[in-house]
Each structure stands twice: as C-alpha cells, then as structure tokens.
Amino acid sequence: MNSTTAQIVRAALREDVGRGDATTRALVPVGARTRAAIVARHACVVCGTAVAREVFRQVDSRIRCTVKVRDGAGAKAGDTLIVLEGPARGILTAERVALNFMQRMTGIATLTREFVLRAAPHGAAILDTRKTTPGLRALEKYAVKCGGGVNHRFGLYDRVLIKDNHRALWAGSGRKSLADAVRAARARHPRLVVEIEVESEAELRDALEARPDWILLDNMTPARLRRCVKLNAGRANLEASGGVTLATVARIAATGVDAVSVGALTHSAPAADLSLEFL
C-alpha cells in the first residue's frame with residue numbers, strides 16, 4: 001500500500017469516525033470477535049480490495065482480511081470478495097468507509113470493462129480523463145486500469161494537451177497557427193508528450209505540420225472521424241473525444257482512431273452494490 005492511498009484512507013476515516021463510533025461503543029462489548037464477508041450483489045469487475053484492507057488495518061490491525069477475488073477479476077452475484085476475522089468493534093467501525101471505496105472503484109472498473117469490450121474488436125484503446133473526484137484521482141484511475149482501460153495524463157504536469165481555451169488565448173495574442181502552438185509547447189517541454197485538440201479537417205492539416213505526438217478529434221461524427229483518419233495517414237496518434245456513450249463507442253472506435261477518451265468512466269460510473277454480511 002503506497003503512502004498516497006494510506007493518506008486518502010486516513011482522511012476518510014477522520015471524516016467518518018471523528019471522535020469515535022458512538023453506536024458501536026455503546027452496544028458492542030470490547031472483547032467481542034466476529035467473522036464477516038464483503039459480498040457482491042450483482043456481476044461486476046472487482047476493484048479496491050487493497051484499499052479496503054488498508055481501512056481495516058488502520059482501524060484495528062488485529063483484523064484479518066483475506067481477499068477472495070483479486071482486483072480486475074470478475075465476480076458474480078453472491079460471490080464473497082473479502083473475508084474478515086477479528087474484533088467486532090473494528091469491523092463495524094471500518095465497514096462503511098471500506099465499502100464506499102470498494103463500491104466506487106468497482107463501479108468504475110465495471111463500467112470501463114463494458115466500454116473496453118465494445119471498442120476492442122476495432123483495436124481502439126479506452127482512455128480516462130481528468131474528470132475525477134478531487135483527492136481520489138489515483139484510486140479512480142487505478143480502477144480504470146483494472147477494467148482494462150488506459151490512463152491518460154494524471155495531471156497538468158505530465159503531458160501537454162492544447163485545448164480550445166489554450167488555442168483561443170494563443171490566437172488572441174496574434175499567433176494563429178496550431179502548428180506553431182505545438183512547436184512552442186515542444187520547445188518548452190521537450191520530454192513531454194504533446195497533444196492538441198482540433199475540430200475540423202483544416203485544423204488537423206494545420207496541426208500535422210508540427211507532427212504532434214497525439215491529436216484529439218473533438219466532438220466529431222463518425223464520418224468526419226474517418227476523413228481525419230485518412231488525412232492523418234498514421235502521422236500522429238488519434239484520440240476521439242466528446243460525449244462518448246456505451247451506445248456510440250463501437251461506431252467511434254470503428255473509424256480507425258487509436259483511442260477513445262471517456263469522461264463518464266470516472267464522473268458517471270454507478271457505484272457497485274456490495275454489502276458486508278456477518279457469517
């Protein structure tokens with residue numbers, strides 16, 4: 001368990017437990033021990049088991065946590081994902097925080113797998129975005145990977161992505177060439193991948209003069225995407241983006257783009273239905 005995840009868990013427990021679990025302290029004897037299991041209530045792609053283990057560890061290191069279904073593996077309704085043994089007070093106190101993390105992460109992994117399965121026959125990767133819950137990006141992007149997706153940039157620091165607002169300010173300063181914007185970014189950050197967003201074939205031609213590593217084709221129809229793929233002729237990696245859904249991702253992937261980015265993976269994934277049951 002890395003230090004970032006441990007810090008996230010610590011903050012979540014401070015928020016939930018505060019001065020202490022009043023109900024458990026009032027009703028559960030100090031020495032009581034129990035066995036419990038985290039169970040899937042529907043088919044899903046499991047994720048967050050290590051985070052759940054860290055929650056139980058931080059609450060009470062005497063709790064034994066045995067993972068039965070690893071992250072990235074599929075589970076059926078009724079499957080036991082984790083078995084817990086130890087002090088009953090600790091298990092009850094940790095229950096909600098552990099489930100919150102696992103339900104969120106499993107939901108993301110499950111939705112990602114659905115997108116990946118639809119895009120896979122066409123050879124296109126499914127990318128995530130920065131549309132994540134503040135403070136939880138590392139966990140949510142890990143969940144995308146467990147679902148078979150590919151992580152795009154983690155933040156503003158690890159890739160250049162020239163988007164519409166950057167382009168507007170660039171043009172407003174009297175410099176209109178997208179190729180020049182790519183060159184300027186590459187000169188400033190020679191070790192970073194440089195990507196630029198375009199909205200038409202004309203903008204694509206302009207950007208290609210500077211050979212960016214990636215070009216983001218924003219909110220284009222499948223017909224326009226195909227024209228851009230043909231025009232690009234393999235010179236840059238192409239990413240399609242904008243309002244992608246499970247209903248449309250296969251048609252978009254079939255145009256020949258290298259990747260499809262989907263903000264919904266992290267901003268709209270429904271939480272998985274998991275429960276903690278005493279054995």
# chains A, B, ... in the order shown; residues from 1 in each chain; ligands from 1
>>> residues_around(residues="Ala272 in chain A", least_positions_apart="6", cutoff="9 Å", atoms="only C-alpha atoms", output="ChimeraX atom specification")
/A:40-42,44,102-108,110
>>> write_last_selection(atoms="C-alpha atoms", output="mmCIF file, in the first residue's frame")
data_model
loop_
_atom_site.group_PDB
_atom_site.id
_atom_site.type_symbol
_atom_site.label_atom_id
_atom_site.label_comp_id
_atom_site.auth_asym_id
_atom_site.auth_seq_id
_atom_site.Cartn_x
_atom_site.Cartn_y
_atom_site.Cartn_z
ATOM 1 C CA ALA A 40 -21.148 -8.749 -4.452
ATOM 2 C CA ARG A 41 -24.868 -8.355 -5.060
ATOM 3 C CA HIS A 42 -24.516 -8.345 -8.856
ATOM 4 C CA CYS A 44 -19.069 -6.777 -11.505
ATOM 5 C CA MET A 102 -14.794 -0.601 -2.996
ATOM 6 C CA GLN A 103 -18.220 0.329 -4.358
ATOM 7 C CA ARG A 104 -16.838 3.410 -6.100
ATOM 8 C CA MET A 105 -13.788 1.662 -7.529
ATOM 9 C CA THR A 106 -15.654 -1.495 -8.536
ATOM 10 C CA GLY A 107 -18.288 0.630 -10.270
ATOM 11 C CA ILE A 108 -15.605 2.385 -12.325
ATOM 12 C CA THR A 110 -17.142 -2.482 -14.228
#
>>> residues_around(residues="Thr34 in chain A", least_positions_apart="2", cutoff="6 Å", atoms="only C-alpha atoms", output="ChimeraX atom specification")
/A:85-86,88
>>> write_last_selection(atoms="C-alpha atoms", output="mmCIF file, in the first residue's frame")
data_model
loop_
_atom_site.group_PDB
_atom_site.id
_atom_site.type_symbol
_atom_site.label_atom_id
_atom_site.label_comp_id
_atom_site.auth_asym_id
_atom_site.auth_seq_id
_atom_site.Cartn_x
_atom_site.Cartn_y
_atom_site.Cartn_z
ATOM 1 C CA GLU A 85 -11.992 -12.045 11.103
ATOM 2 C CA GLY A 86 -11.233 -10.170 14.304
ATOM 3 C CA ALA A 88 -16.193 -6.892 16.078
#
>>> residues_around(residues="range 188-198 of chain A", least_positions_apart="2", cutoff="12 Å", atoms="only C-alpha atoms", output="ChimeraX atom specification")
/A:152-153,156-168,177-186,200-208,210-220,224-225,228,236-242
>>> residues_around(residues="Ala37 in chain A", least_positions_apart="4", cutoff="9 Å", atoms="only C-alpha atoms", output="list in words")
Thr80, Leu81, Ile82, Val83, Leu84, Glu85, Ser275, Leu276, Glu277, Phe278 and Leu279 of chain A
>>> write_last_selection(atoms="N, CA and C atoms", output="mmCIF file, in the first residue's frame")
data_model
loop_
_atom_site.group_PDB
_atom_site.id
_atom_site.type_symbol
_atom_site.label_atom_id
_atom_site.label_comp_id
_atom_site.auth_asym_id
_atom_site.auth_seq_id
_atom_site.Cartn_x
_atom_site.Cartn_y
_atom_site.Cartn_z
ATOM 1 N N THR A 80 -18.291 -14.023 -2.600
ATOM 2 C CA THR A 80 -17.571 -13.401 -1.489
ATOM 3 C C THR A 80 -16.276 -12.801 -2.015
ATOM 4 N N LEU A 81 -16.059 -11.530 -1.761
ATOM 5 C CA LEU A 81 -14.872 -10.824 -2.255
ATOM 6 C C LEU A 81 -13.773 -10.779 -1.202
ATOM 7 N N ILE A 82 -14.157 -10.570 0.050
ATOM 8 C CA ILE A 82 -13.198 -10.477 1.159
ATOM 9 C C ILE A 82 -13.819 -11.147 2.376
ATOM 10 N N VAL A 83 -13.014 -11.889 3.118
ATOM 11 C CA VAL A 83 -13.440 -12.447 4.407
ATOM 12 C C VAL A 83 -12.677 -11.735 5.517
ATOM 13 N N LEU A 84 -13.398 -11.359 6.560
ATOM 14 C CA LEU A 84 -12.826 -10.611 7.679
ATOM 15 C C LEU A 84 -12.982 -11.405 8.971
ATOM 16 N N GLU A 85 -11.945 -11.397 9.796
ATOM 17 C CA GLU A 85 -11.992 -12.045 11.103
ATOM 18 C C GLU A 85 -11.287 -11.154 12.110
ATOM 19 N N SER A 275 -22.065 -5.525 -0.126
ATOM 20 C CA SER A 275 -22.520 -5.462 1.262
ATOM 21 C C SER A 275 -21.573 -6.226 2.172
ATOM 22 N N LEU A 276 -21.565 -5.841 3.447
ATOM 23 C CA LEU A 276 -20.814 -6.577 4.450
ATOM 24 C C LEU A 276 -21.804 -7.392 5.264
ATOM 25 N N GLU A 277 -21.599 -8.696 5.302
ATOM 26 C CA GLU A 277 -22.523 -9.591 5.992
ATOM 27 C C GLU A 277 -21.760 -10.406 7.031
ATOM 28 N N PHE A 278 -22.338 -10.529 8.237
ATOM 29 C CA PHE A 278 -21.715 -11.339 9.277
ATOM 30 C C PHE A 278 -21.952 -12.821 9.001
ATOM 31 N N LEU A 279 -20.953 -13.619 9.244
ATOM 32 C CA LEU A 279 -21.019 -15.049 8.951
ATOM 33 C C LEU A 279 -21.393 -15.819 10.216
#
>>> closest_residue(among="A:Val30, A:Val262, A:Ala124, A:Val59", to="Gly18 in chain A", atoms="only C-alpha atoms")
A:Val59
>>> atom_distance(atom1="CA of Gly78 in chain A", atom2="CA of Arg53 in chain A")
20.2 Å
>>> closest_residue(among="A:Leu139, A:Asn232, A:Val244, A:Gly31", to="Glu209 in chain A", atoms="only C-alpha atoms")
A:Asn232
